[in-house]
file upload.cif (mmCIF, C-alpha atoms and all ligand atoms)
data_data
loop_
_atom_site.label_atom_id
_atom_site.label_comp_id
_atom_site.auth_asym_id
_atom_site.auth_seq_id
_atom_site.Cartn_x
_atom_site.Cartn_y
_atom_site.Cartn_z
CA MET A 281 -6.65 28.61 -17.74
CA ASN A 282 -8.65 27.34 -14.78
CA LEU A 283 -8.71 23.57 -14.99
CA PHE A 284 -10.99 23.24 -11.98
CA ASN A 285 -13.81 24.68 -14.14
CA ASN A 286 -13.21 22.31 -17.03
CA ASN A 287 -15.59 19.56 -17.73
CA ARG A 288 -14.26 16.14 -18.60
CA LEU A 289 -15.03 16.45 -22.31
CA ASP A 290 -12.85 19.55 -22.58
CA LEU A 291 -10.07 17.69 -20.81
CA TYR A 292 -10.34 14.67 -23.15
CA GLU A 293 -10.02 17.05 -26.07
CA ARG A 294 -7.03 18.87 -24.64
CA TYR A 295 -5.32 15.69 -23.41
CA PRO A 296 -6.18 12.83 -25.81
CA TRP A 297 -4.04 10.41 -23.77
CA LEU A 298 -6.75 10.60 -21.05
CA LYS A 299 -8.69 8.15 -23.20
CA ILE A 300 -6.10 5.47 -22.43
CA THR A 301 -7.43 3.43 -19.55
CA THR A 302 -6.51 0.22 -17.75
CA THR A 303 -7.33 -1.77 -14.63
CA ILE A 304 -5.22 -2.61 -11.57
CA GLU A 305 -4.94 -6.17 -12.84
CA ASP A 306 -3.99 -5.39 -16.46
CA TYR A 307 -1.71 -2.55 -15.41
CA ILE A 308 -0.11 -0.31 -18.05
CA GLU A 309 0.58 -1.60 -21.55
CA PRO A 310 4.30 -2.60 -21.44
CA CYS A 311 5.59 -0.45 -24.34
CA TYR A 312 3.64 2.54 -23.04
CA TYR A 313 5.07 1.85 -19.55
CA ASP A 314 8.61 1.86 -20.94
CA ARG A 315 7.89 5.05 -22.91
CA LEU A 316 6.51 6.97 -19.91
CA LEU A 317 9.09 5.74 -17.42
CA LYS A 318 11.73 8.37 -16.59
CA GLU A 319 15.21 7.55 -15.37
CA TYR A 320 15.39 7.48 -11.57
CA VAL A 321 18.80 8.55 -10.23
CA PHE A 322 19.80 8.53 -6.59
CA SER A 323 23.17 10.16 -5.75
CA GLY A 324 24.47 9.40 -9.23
CA LYS A 325 23.13 5.83 -9.39
CA THR A 326 20.02 4.69 -11.23
CA ASP A 327 17.58 2.39 -9.47
CA LEU A 328 18.91 -0.44 -11.65
CA GLN A 329 22.48 0.36 -10.59
CA LEU A 330 21.39 0.17 -6.93
CA PHE A 331 19.99 -3.25 -7.72
CA ASP A 332 23.13 -4.22 -9.61
CA GLU A 333 25.24 -3.21 -6.58
CA PHE A 334 23.07 -5.40 -4.38
CA LEU A 335 23.61 -8.31 -6.78
CA SER A 336 27.38 -7.67 -6.76
CA SER A 337 27.35 -8.17 -3.00
CA MET A 338 25.99 -11.67 -3.69
CA THR A 339 28.36 -12.77 -6.41
CA ASN A 340 31.15 -13.56 -3.89
CA ASN A 341 29.08 -16.58 -2.91
CA ASN A 342 30.01 -19.20 -5.46
CA TYR A 343 26.60 -20.47 -6.41
CA ASN A 344 26.54 -23.74 -8.33
CA ALA A 345 22.99 -22.86 -9.23
CA ILE A 346 20.90 -19.94 -8.16
CA ASN A 347 17.19 -20.06 -7.52
CA ALA A 348 15.66 -16.61 -7.80
CA LEU A 349 12.24 -15.00 -7.61
CA GLU A 350 11.20 -11.60 -8.92
CA LEU A 351 7.95 -10.09 -7.69
CA GLY A 352 6.23 -7.55 -9.99
CA CYS A 353 8.68 -7.88 -12.87
CA GLY A 354 6.80 -5.42 -15.10
CA SER A 355 8.47 -5.07 -18.49
CA GLY A 356 11.60 -6.80 -17.21
CA ARG A 357 14.03 -3.97 -16.42
CA ALA A 358 15.40 -5.61 -13.27
CA THR A 359 15.02 -9.07 -14.81
CA GLU A 360 17.53 -8.12 -17.47
CA VAL A 361 20.02 -6.81 -14.88
CA PHE A 362 19.68 -10.01 -12.89
CA LEU A 363 20.11 -12.33 -15.88
CA ASN A 364 23.17 -10.39 -17.07
CA LYS A 365 24.74 -10.60 -13.66
CA PHE A 366 24.39 -14.35 -13.47
CA LYS A 367 24.74 -15.11 -17.18
CA ASP A 368 27.62 -17.54 -16.64
CA GLY A 369 25.92 -19.56 -13.95
CA LYS A 370 23.07 -21.95 -13.69
CA VAL A 371 20.02 -19.81 -13.03
CA ARG A 372 16.44 -20.56 -12.25
CA LEU A 373 14.36 -17.37 -12.22
CA ARG A 374 10.65 -17.22 -11.63
CA LEU A 375 8.79 -14.03 -12.57
CA VAL A 376 5.59 -13.11 -10.79
CA ASP A 377 3.27 -10.30 -11.84
CA LEU A 378 -0.44 -9.59 -11.56
CA SER A 379 -0.54 -8.36 -15.15
CA ILE A 380 -0.73 -10.99 -17.85
CA ARG A 381 0.47 -8.56 -20.50
CA MET A 382 3.58 -7.73 -18.51
CA LEU A 383 4.32 -11.46 -18.23
CA GLU A 384 3.70 -12.00 -21.96
CA PHE A 385 6.07 -9.14 -22.73
CA CYS A 386 8.76 -10.74 -20.52
CA ARG A 387 8.11 -14.18 -22.01
CA LYS A 388 9.21 -12.77 -25.37
CA ARG A 389 12.29 -11.12 -23.87
CA PHE A 390 13.73 -13.81 -21.61
CA LYS A 391 14.45 -17.48 -22.07
CA LYS A 392 15.69 -18.84 -18.75
CA THR A 393 12.57 -17.92 -16.83
CA SER A 394 9.22 -19.23 -15.68
CA PHE A 395 6.12 -17.10 -15.23
CA VAL A 396 3.34 -16.90 -12.68
CA LYS A 397 0.37 -14.59 -12.88
CA SER A 398 -0.39 -13.83 -9.26
CA ASP A 399 -0.55 -11.27 -6.56
CA SER A 400 2.92 -11.19 -4.98
CA VAL A 401 1.91 -11.84 -1.37
CA GLU A 402 -0.49 -14.59 -2.44
CA PHE A 403 2.29 -16.25 -4.41
CA LEU A 404 4.63 -16.01 -1.40
CA SER A 405 2.00 -17.48 0.90
CA LYS A 406 1.80 -20.59 -1.29
CA THR A 407 5.28 -21.24 -2.59
CA ASN A 408 7.22 -24.21 -1.20
CA ASP A 409 10.52 -23.45 -2.95
CA LYS A 410 13.76 -22.32 -1.33
CA TYR A 411 15.11 -19.15 -2.94
CA ASP A 412 18.66 -17.81 -2.87
CA VAL A 413 17.35 -14.39 -3.77
CA ILE A 414 13.98 -12.65 -3.95
CA PHE A 415 13.72 -9.16 -5.40
CA SER A 416 11.04 -6.61 -6.15
CA LEU A 417 11.55 -3.15 -7.60
CA TRP A 418 8.77 -0.57 -7.24
CA SER A 419 6.12 -3.26 -6.98
CA PHE A 420 5.77 -4.93 -3.59
CA SER A 421 3.87 -1.94 -2.17
CA HIS A 422 1.21 -2.44 -4.87
CA SER A 423 0.47 -5.89 -3.51
CA VAL A 424 0.52 -4.78 0.14
CA HIS A 425 -1.75 -1.77 -0.46
CA GLN A 426 -4.21 -3.81 -2.51
CA ILE A 427 -4.42 -6.34 0.33
CA LEU A 428 -4.86 -3.67 3.01
CA ILE A 429 -7.62 -2.06 0.93
CA ASN A 430 -9.40 -5.33 0.10
CA GLN A 431 -9.05 -7.15 3.44
CA GLY A 432 -8.79 -4.20 5.81
CA VAL A 433 -5.76 -3.06 7.76
CA THR A 434 -6.00 -5.57 10.61
CA SER A 435 -6.71 -8.77 8.72
CA GLY A 436 -4.69 -7.75 5.63
CA GLY A 437 -1.79 -6.67 7.82
CA ARG A 438 -1.79 -10.02 9.61
CA TYR A 439 -1.82 -11.87 6.27
CA VAL A 440 1.17 -9.86 4.99
CA ARG A 441 3.06 -10.28 8.28
CA ASP A 442 2.42 -14.05 8.51
CA THR A 443 3.38 -14.50 4.85
CA ILE A 444 6.66 -12.60 5.10
CA LYS A 445 7.60 -14.45 8.28
CA LYS A 446 6.80 -17.77 6.62
CA VAL A 447 8.95 -16.82 3.61
CA ILE A 448 11.94 -15.92 5.78
CA ILE A 449 11.62 -19.11 7.81
CA ASN A 450 10.55 -21.64 5.14
CA ASN A 451 11.57 -20.27 1.76
CA MET A 452 15.00 -18.80 2.44
CA ILE A 453 18.12 -20.55 3.65
CA LYS A 454 20.98 -19.06 5.66
CA GLY A 455 22.57 -16.40 3.45
CA SER A 456 19.53 -16.02 1.14
CA ARG A 457 18.82 -12.41 0.23
CA LEU A 458 15.80 -10.21 -0.22
CA PHE A 459 15.92 -6.84 -1.97
CA ILE A 460 13.01 -4.39 -2.24
CA ILE A 461 12.85 -0.90 -3.71
CA HIS A 462 9.89 0.87 -2.09
CA PHE A 463 8.62 4.33 -3.01
CA ASP A 464 8.88 7.24 -0.58
CA SER A 465 5.33 8.55 -0.22
CA THR A 466 6.50 11.87 1.26
CA SER A 467 8.80 12.73 -1.65
CA GLU A 468 7.99 15.73 -3.88
CA GLU A 469 6.90 13.29 -6.56
CA GLN A 470 4.62 11.17 -4.42
CA GLU A 471 3.01 13.60 -1.96
CA ILE A 472 0.68 15.03 -4.62
CA LEU A 473 -0.22 11.49 -5.68
CA MET A 474 -1.00 10.45 -2.12
CA SER A 475 -3.37 13.39 -1.73
CA GLN A 476 -5.24 12.16 -4.81
CA TRP A 477 -5.44 8.55 -3.56
CA LYS A 478 -6.71 9.88 -0.25
CA LYS A 479 -9.84 11.13 -2.05
CA VAL A 480 -10.89 7.56 -2.88
CA PHE A 481 -9.17 5.23 -0.36
CA THR A 482 -9.42 5.84 3.40
CA LEU A 483 -6.23 3.75 3.74
CA TYR A 484 -4.30 6.89 2.79
CA ASN A 485 -5.94 9.16 5.38
CA ASN A 486 -2.66 10.23 6.90
CA ILE A 487 -0.39 11.38 4.11
CA GLU A 488 1.97 13.25 6.43
CA ILE A 489 3.68 9.96 7.29
CA GLN A 490 5.04 7.11 5.15
CA SER A 491 2.58 4.94 3.24
CA PRO A 492 0.81 2.08 5.08
CA SER A 493 2.86 -0.46 3.11
CA LYS A 494 6.18 1.10 4.15
CA LEU A 495 5.10 1.34 7.82
CA LEU A 496 3.93 -2.28 7.84
CA LEU A 497 7.08 -3.61 6.17
CA ASP A 498 9.26 -1.63 8.61
CA GLU A 499 7.39 -3.16 11.53
CA ILE A 500 7.58 -6.71 10.15
CA PHE A 501 11.27 -6.58 9.23
CA GLU A 502 12.16 -4.94 12.54
CA GLU A 503 10.40 -7.77 14.40
CA LEU A 504 12.27 -10.36 12.31
CA ARG A 505 15.55 -8.56 12.98
CA LYS A 506 14.88 -8.59 16.73
CA GLU A 507 14.13 -12.31 16.54
CA CYS A 508 17.61 -12.71 14.97
CA LEU A 509 16.12 -14.17 11.79
CA ILE A 510 17.51 -11.50 9.45
CA ASN A 511 20.12 -8.81 9.00
CA LEU A 512 18.44 -5.67 7.70
CA THR A 513 19.84 -2.62 5.98
CA LEU A 514 17.15 -0.06 5.27
CA SER A 515 18.31 3.02 3.36
CA HIS A 516 16.57 6.17 2.25
CA HIS A 517 17.54 7.65 -1.13
CA GLU A 518 16.58 11.13 -2.27
CA GLY A 519 16.35 11.24 -6.04
CA GLU A 520 17.76 13.77 -8.43
CA ASP A 521 15.22 16.02 -10.18
CA ILE A 522 13.09 14.31 -12.80
CA GLU A 523 12.51 16.68 -15.67
CA TYR A 524 9.19 17.04 -17.50
CA SER A 525 9.46 19.17 -20.63
CA SER A 526 5.90 20.50 -20.33
CA LEU A 527 2.78 20.47 -18.21
CA ASP A 528 1.23 18.08 -20.72
CA GLU A 529 4.06 15.57 -20.28
CA ALA A 530 3.95 15.79 -16.48
CA LEU A 531 0.16 15.33 -16.43
CA GLU A 532 0.32 12.31 -18.73
CA ILE A 533 2.99 10.65 -16.59
CA PHE A 534 1.24 11.33 -13.30
CA LEU A 535 -2.24 10.36 -14.50
CA ASN A 536 -1.45 7.43 -16.80
CA PHE A 537 1.74 6.07 -15.23
CA HIS A 538 1.69 6.79 -11.50
CA MET A 539 -2.09 6.69 -11.13
CA GLU A 540 -2.54 4.00 -13.78
CA SER A 541 -5.44 5.99 -15.36
CA TYR A 542 -7.51 5.42 -12.21
CA PHE A 543 -9.07 8.90 -12.40
CA ASN A 544 -9.38 9.19 -16.19
CA GLU A 545 -13.06 8.23 -16.24
CA SER A 546 -13.87 9.54 -12.78
CA PRO A 547 -16.07 12.55 -12.05
CA LEU A 548 -13.10 13.68 -9.91
CA LEU A 549 -10.92 14.08 -13.01
CA PRO A 550 -11.24 17.88 -13.33
CA ILE A 551 -10.32 18.32 -9.65
CA VAL A 552 -7.37 15.93 -9.92
CA VAL A 553 -6.04 17.58 -13.09
CA GLY A 554 -6.53 20.99 -11.50
CA GLU A 555 -4.66 20.07 -8.32
CA LEU A 556 -1.80 18.43 -10.19
CA THR A 557 -1.50 21.49 -12.43
CA GLU A 558 -1.37 23.87 -9.46
CA TYR A 559 1.21 21.64 -7.75
CA PHE A 560 3.42 21.42 -10.85
CA LYS A 561 3.52 25.22 -11.08
CA ASN A 562 5.61 25.25 -7.89
CA PHE A 563 8.31 23.31 -9.74
CA MET A 564 8.10 25.03 -13.15
CA ASP A 565 10.75 27.36 -14.59
CA ASN A 566 10.18 30.24 -17.05
CA GLU A 567 10.41 27.86 -20.03
CA GLY A 568 7.64 25.68 -18.60
CA VAL A 569 10.02 22.86 -17.66
CA ILE A 570 9.01 21.07 -14.45
CA ARG A 571 11.58 19.44 -12.14
CA ILE A 572 10.41 17.20 -9.30
CA LYS A 573 12.41 14.99 -6.94
CA PRO A 574 11.45 11.37 -6.31
CA GLY A 575 12.57 9.29 -3.35
CA CYS A 576 12.80 5.65 -2.39
CA PHE A 577 13.84 3.18 0.28
CA THR A 578 15.88 0.05 -0.27
CA TYR A 579 15.46 -2.98 1.98
CA ASN A 580 18.52 -5.19 1.80
CA ILE A 581 17.88 -8.31 3.85
CA GLU A 582 19.91 -11.43 4.60
CA LYS A 583 18.54 -14.53 6.28
CA ILE A 584 20.74 -15.50 9.23
C1 LIG A 601 5.86 0.23 -11.16
S1 LIG A 601 5.78 -1.32 -11.97
C2 LIG A 601 7.40 -1.95 -11.61
C3 LIG A 601 7.87 -2.92 -12.65
C4 LIG A 601 9.33 -3.29 -12.59
N1 LIG A 601 9.67 -3.98 -11.36
C5 LIG A 601 10.20 -2.09 -12.80
O1 LIG A 601 10.95 -1.71 -11.88
O2 LIG A 601 10.15 -1.51 -13.88
C6 LIG A 601 4.73 -2.26 -10.92
C7 LIG A 601 4.49 -3.69 -11.38
O3 LIG A 601 3.81 -4.37 -10.32
C8 LIG A 601 2.77 -5.17 -10.89
N2 LIG A 601 1.75 -5.37 -9.86
C9 LIG A 601 0.76 -4.56 -9.46
N3 LIG A 601 0.06 -5.11 -8.47
C10 LIG A 601 0.62 -6.32 -8.23
C11 LIG A 601 0.34 -7.38 -7.31
N4 LIG A 601 -0.65 -7.29 -6.44
N5 LIG A 601 1.12 -8.48 -7.35
C12 LIG A 601 2.12 -8.59 -8.27
N6 LIG A 601 2.44 -7.62 -9.15
C13 LIG A 601 1.69 -6.50 -9.12
C14 LIG A 601 2.29 -4.37 -12.09
O4 LIG A 601 1.59 -5.19 -13.00
C15 LIG A 601 3.62 -3.83 -12.61
O5 LIG A 601 4.18 -4.74 -13.51
#
call {"tool": "encode", "arguments": {"input": "upload.cif", "output": "structure tokens"}}
result
Amino acid sequence: MNLFNNNRLDLYERYPWLKITTTIEDYIEPCYYDRLLKEYVFSGKTDLQLFDEFLSSMTNNNYNAINALELGCGSGRATEVFLNKFKDGKVRLRLVDLSIRMLEFCRKRFKKTSFVKSDSVEFLSKTNDKYDVIFSLWSFSHSVHQILINQGVTSGGRYVRDTIKKVIINNMIKGSRLFIIHFDSTSEEQEILMSQWKKVFTLYNNIEIQSPSKLLLDEIFEELRKECLINLTLSHHEGEDIEYSSLDEALEIFLNFHMESYFNESPLLPIVVGELTEYFKNFMDNEGVIRIKPGCFTYNIEKI
């Protein structure tokens, strides 16, 4: 089977899920997102357990009331962990996401929350509140990359830098915390994705190194650390293998989940499907099961 020679119509017939499409703003339909999402485990701990551990390090502080902000809440996986952790206290949690359907989904799930449809960095640039904790799992890079693509690296980078600095100085008090889970673009899982994005966005020209968002955030937080505004713990986590039972399952998850159907209607589709297929073969056993490792970074920040 040579997928490079396939035309798009053949692919739509073989993979009916290619007809599912979305936009950056709408993102993936929440139930479909939850269905496609695999469990991410890093040294025996899921991503949500890493977040839970971070929250445990905060619970020693006896908050009378906690004011929290989640950026890119999606279907509310981390939201639920947060609300469980602080279920006995007085909590004010604001959820921000670019996707209205993600927010609607969360509105049905959670009571003690308020909702803002916005780009994360834009929201941060405008907010006047003081937060005890701000968190973002697998989402902040979306905002940063969109800004770098839309405004260009220099002006977009300045906007992100100025906004983060303003948040640390104006919107966090001594002891306030910031937690980000950021993808590792050089992991087995992401490197093949980055080489697809590179075809359409010059931002990803150098895929040998970490993504532009990761490099920018490292630079910004390092500057803030040197200015004695924050304590920073940045950790790399290599994930345990994620298992895909078939080529079909792996393709659906990479095209419709990771790439948010971006290529499904593109003339590049046959090339993208072909390259993904070839790549997956390197990780496939005799039964056709594919195992690929993800990776991530956690930023654990305290305002000092
Ligand atoms: C990979 S999901 C992560 C969702 C959730 N935090 C989780 O861990 O399951 C990325 C989320 O970021 C949101 N998103 C994408 N671009 C965004 C932006 N510029 N500003 C805010 N949210 C954005 C998407 O709508 C989606 O809900």
call {"tool": "residues_near_ligand", "arguments": {"input": "upload.cif", "ligand": "ligand LIG 601 (chain A)", "cutoff": "9 Å", "atoms": "all atoms listed in the file", "output": "JSON list (two decimals) with C-alpha atoms, in the frame of the given file"}}
result
[["chain", "number", "residue", "atom", "x", "y", "z"],
["A", 304, "ILE", "CA", -5.22, -2.61, -11.57],
["A", 305, "GLU", "CA", -4.94, -6.17, -12.84],
["A", 306, "ASP", "CA", -3.99, -5.39, -16.46],
["A", 307, "TYR", "CA", -1.71, -2.55, -15.41],
["A", 308, "ILE", "CA", -0.11, -0.31, -18.05],
["A", 310, "PRO", "CA", 4.30, -2.60, -21.44],
["A", 313, "TYR", "CA", 5.07, 1.85, -19.55],
["A", 314, "ASP", "CA", 8.61, 1.86, -20.94],
["A", 317, "LEU", "CA", 9.09, 5.74, -17.42],
["A", 327, "ASP", "CA", 17.58, 2.39, -9.47],
["A", 328, "LEU", "CA", 18.91, -0.44, -11.65],
["A", 350, "GLU", "CA", 11.20, -11.60, -8.92],
["A", 351, "LEU", "CA", 7.95, -10.09, -7.69],
["A", 352, "GLY", "CA", 6.23, -7.55, -9.99],
["A", 353, "CYS", "CA", 8.68, -7.88, -12.87],
["A", 354, "GLY", "CA", 6.80, -5.42, -15.10],
["A", 355, "SER", "CA", 8.47, -5.07, -18.49],
["A", 356, "GLY", "CA", 11.60, -6.80, -17.21],
["A", 357, "ARG", "CA", 14.03, -3.97, -16.42],
["A", 358, "ALA", "CA", 15.40, -5.61, -13.27],
["A", 359, "THR", "CA", 15.02, -9.07, -14.81],
["A", 376, "VAL", "CA", 5.59, -13.11, -10.79],
["A", 377, "ASP", "CA", 3.27, -10.30, -11.84],
["A", 378, "LEU", "CA", -0.44, -9.59, -11.56],
["A", 379, "SER", "CA", -0.54, -8.36, -15.15],
["A", 380, "ILE", "CA", -0.73, -10.99, -17.85],
["A", 381, "ARG", "CA", 0.47, -8.56, -20.50],
["A", 382, "MET", "CA", 3.58, -7.73, -18.51],
["A", 383, "LEU", "CA", 4.32, -11.46, -18.23],
["A", 397, "LYS", "CA", 0.37, -14.59, -12.88],
["A", 398, "SER", "CA", -0.39, -13.83, -9.26],
["A", 399, "ASP", "CA", -0.55, -11.27, -6.56],
["A", 400, "SER", "CA", 2.92, -11.19, -4.98],
["A", 401, "VAL", "CA", 1.91, -11.84, -1.37],
["A", 402, "GLU", "CA", -0.49, -14.59, -2.44],
["A", 403, "PHE", "CA", 2.29, -16.25, -4.41],
["A", 415, "PHE", "CA", 13.72, -9.16, -5.40],
["A", 416, "SER", "CA", 11.04, -6.61, -6.15],
["A", 417, "LEU", "CA", 11.55, -3.15, -7.60],
["A", 418, "TRP", "CA", 8.77, -0.57, -7.24],
["A", 419, "SER", "CA", 6.12, -3.26, -6.98],
["A", 420, "PHE", "CA", 5.77, -4.93, -3.59],
["A", 421, "SER", "CA", 3.87, -1.94, -2.17],
["A", 422, "HIS", "CA", 1.21, -2.44, -4.87],
["A", 423, "SER", "CA", 0.47, -5.89, -3.51],
["A", 424, "VAL", "CA", 0.52, -4.78, 0.14],
["A", 425, "HIS", "CA", -1.75, -1.77, -0.46],
["A", 426, "GLN", "CA", -4.21, -3.81, -2.51],
["A", 427, "ILE", "CA", -4.42, -6.34, 0.33],
["A", 461, "ILE", "CA", 12.85, -0.90, -3.71],
["A", 537, "PHE", "CA", 1.74, 6.07, -15.23],
["A", 538, "HIS", "CA", 1.69, 6.79, -11.50]]
call {"tool": "residues_around", "arguments": {"input": "upload.cif", "residues": "stretch 433-440 of chain A", "least_positions_apart": "2", "cutoff": "10 Å", "atoms": "only C-alpha atoms", "output": "number ranges by chain"}}
result
A: 401-402, 404-405, 423-431, 442-446, 483, 492-493, 496-497, 500
call {"tool": "write_last_selection", "arguments": {"input": "upload.cif", "atoms": "C-alpha atoms", "output": "short mmCIF file (atom, residue, chain, number, x, y, z; two decimals), keeping the file's coordinate frame"}}
result
data_model
loop_
_atom_site.label_atom_id
_atom_site.label_comp_id
_atom_site.auth_asym_id
_atom_site.auth_seq_id
_atom_site.Cartn_x
_atom_site.Cartn_y
_atom_site.Cartn_z
CA VAL A 401 1.91 -11.84 -1.37
CA GLU A 402 -0.49 -14.59 -2.44
CA LEU A 404 4.63 -16.01 -1.40
CA SER A 405 2.00 -17.48 0.90
CA SER A 423 0.47 -5.89 -3.51
CA VAL A 424 0.52 -4.78 0.14
CA HIS A 425 -1.75 -1.77 -0.46
CA GLN A 426 -4.21 -3.81 -2.51
CA ILE A 427 -4.42 -6.34 0.33
CA LEU A 428 -4.86 -3.67 3.01
CA ILE A 429 -7.62 -2.06 0.93
CA ASN A 430 -9.40 -5.33 0.10
CA GLN A 431 -9.05 -7.15 3.44
CA ASP A 442 2.42 -14.05 8.51
CA THR A 443 3.38 -14.50 4.85
CA ILE A 444 6.66 -12.60 5.10
CA LYS A 445 7.60 -14.45 8.28
CA LYS A 446 6.80 -17.77 6.62
CA LEU A 483 -6.23 3.75 3.74
CA PRO A 492 0.81 2.08 5.08
CA SER A 493 2.86 -0.46 3.11
CA LEU A 496 3.93 -2.28 7.84
CA LEU A 497 7.08 -3.61 6.17
CA ILE A 500 7.58 -6.71 10.15
#
call {"tool": "closest_residue", "arguments": {"input": "upload.cif", "among": "A:Asn364, A:Asn511, A:Thr302, A:Ser525", "to": "A:Asn580", "atoms": "all atoms listed in the file"}}
result
A:Asn511
call {"tool": "residues_around", "arguments": {"input": "upload.cif", "residues": "A:Leu504", "least_positions_apart": "5", "cutoff": "10 Å", "atoms": "all atoms listed in the file", "output": "list in words"}}
result
Ile444, Lys445, Ile448, Ile449, Asp498, Glu499, Leu509, Ile510, Asn511, Leu512 and Lys583 of chain A
call {"tool": "closest_residue", "arguments": {"input": "upload.cif", "among": "A:Gly519, A:Pro296, A:Gly432, A:Gly455", "to": "A:Lys325", "atoms": "all atoms listed in the file"}}
result
A:Gly519
call {"tool": "atom_distance", "arguments": {"input": "upload.cif", "atom1": "atom CA of A:Lys365", "atom2": "atom CA of A:Glu309"}}
result
27.0 Å
call {"tool": "atom_distance", "arguments": {"input": "upload.cif", "atom1": "atom CA of A:Ser541", "atom2": "atom CA of A:Trp297"}}
result
9.6 Å
call {"tool": "atom_distance", "arguments": {"input": "upload.cif", "atom1": "atom CA of A:Ile414", "atom2": "atom CA of A:Ile460"}}
result
8.5 Å
call {"tool": "residues_around", "arguments": {"input": "upload.cif", "residues": "A:Thr393", "least_positions_apart": "5", "cutoff": "7 Å", "atoms": "all atoms listed in the file", "output": "list in words"}}
result
Arg372, Leu373, Arg374 and Leu375 of chain A
call {"tool": "build_atoms", "arguments": {"input": "upload.cif", "residues": "stretch 528-545 of chain A", "atoms": "N, CA and C atoms", "output": "mmCIF file, in the coordinates of the input"}}
result
data_model
loop_
_atom_site.group_PDB
_atom_site.id
_atom_site.type_symbol
_atom_site.label_atom_id
_atom_site.label_comp_id
_atom_site.auth_asym_id
_atom_site.auth_seq_id
_atom_site.Cartn_x
_atom_site.Cartn_y
_atom_site.Cartn_z
ATOM 1 N N ASP A 528 1.901 19.205 -20.076
ATOM 2 C CA ASP A 528 1.230 18.080 -20.720
ATOM 3 C C ASP A 528 1.964 16.767 -20.408
ATOM 4 N N GLU A 529 3.299 16.805 -20.544
ATOM 5 C CA GLU A 529 4.060 15.570 -20.280
ATOM 6 C C GLU A 529 3.927 15.154 -18.818
ATOM 7 N N ALA A 530 4.035 16.127 -17.909
ATOM 8 C CA ALA A 530 3.950 15.790 -16.480
ATOM 9 C C ALA A 530 2.566 15.209 -16.164
ATOM 10 N N LEU A 531 1.519 15.827 -16.706
ATOM 11 C CA LEU A 531 0.160 15.330 -16.430
ATOM 12 C C LEU A 531 -0.020 13.908 -16.955
ATOM 13 N N GLU A 532 0.475 13.655 -18.169
ATOM 14 C CA GLU A 532 0.320 12.310 -18.730
ATOM 15 C C GLU A 532 1.032 11.280 -17.839
ATOM 16 N N ILE A 533 2.241 11.624 -17.402
ATOM 17 C CA ILE A 533 2.990 10.650 -16.590
ATOM 18 C C ILE A 533 2.330 10.438 -15.227
ATOM 19 N N PHE A 534 1.854 11.510 -14.620
ATOM 20 C CA PHE A 534 1.240 11.330 -13.300
ATOM 21 C C PHE A 534 -0.116 10.609 -13.407
ATOM 22 N N LEU A 535 -0.910 10.972 -14.415
ATOM 23 C CA LEU A 535 -2.240 10.360 -14.500
ATOM 24 C C LEU A 535 -2.205 8.943 -15.078
ATOM 25 N N ASN A 536 -1.404 8.738 -16.106
ATOM 26 C CA ASN A 536 -1.450 7.430 -16.800
ATOM 27 C C ASN A 536 -0.394 6.456 -16.303
ATOM 28 N N PHE A 537 0.681 6.958 -15.727
ATOM 29 C CA PHE A 537 1.740 6.070 -15.230
ATOM 30 C C PHE A 537 1.556 5.885 -13.710
ATOM 31 N N HIS A 538 1.751 6.945 -12.964
ATOM 32 C CA HIS A 538 1.690 6.790 -11.500
ATOM 33 C C HIS A 538 0.292 6.386 -11.022
ATOM 34 N N MET A 539 -0.737 6.990 -11.604
ATOM 35 C CA MET A 539 -2.090 6.690 -11.130
ATOM 36 C C MET A 539 -2.795 5.677 -12.011
ATOM 37 N N GLU A 540 -2.049 5.113 -12.956
ATOM 38 C CA GLU A 540 -2.540 4.000 -13.780
ATOM 39 C C GLU A 540 -3.925 4.283 -14.366
ATOM 40 N N SER A 541 -4.192 5.534 -14.738
ATOM 41 C CA SER A 541 -5.440 5.990 -15.360
ATOM 42 C C SER A 541 -6.660 5.862 -14.435
ATOM 43 N N TYR A 542 -6.406 5.647 -13.151
ATOM 44 C CA TYR A 542 -7.510 5.420 -12.210
ATOM 45 C C TYR A 542 -8.572 6.509 -12.276
ATOM 46 N N PHE A 543 -8.126 7.780 -12.448
ATOM 47 C CA PHE A 543 -9.070 8.900 -12.400
ATOM 48 C C PHE A 543 -9.580 9.321 -13.782
ATOM 49 N N ASN A 544 -9.083 8.666 -14.855
ATOM 50 C CA ASN A 544 -9.380 9.190 -16.190
ATOM 51 C C ASN A 544 -10.872 9.200 -16.527
ATOM 52 N N GLU A 545 -11.615 8.254 -15.945
ATOM 53 C CA GLU A 545 -13.060 8.230 -16.240
ATOM 54 C C GLU A 545 -13.881 8.665 -15.026
#
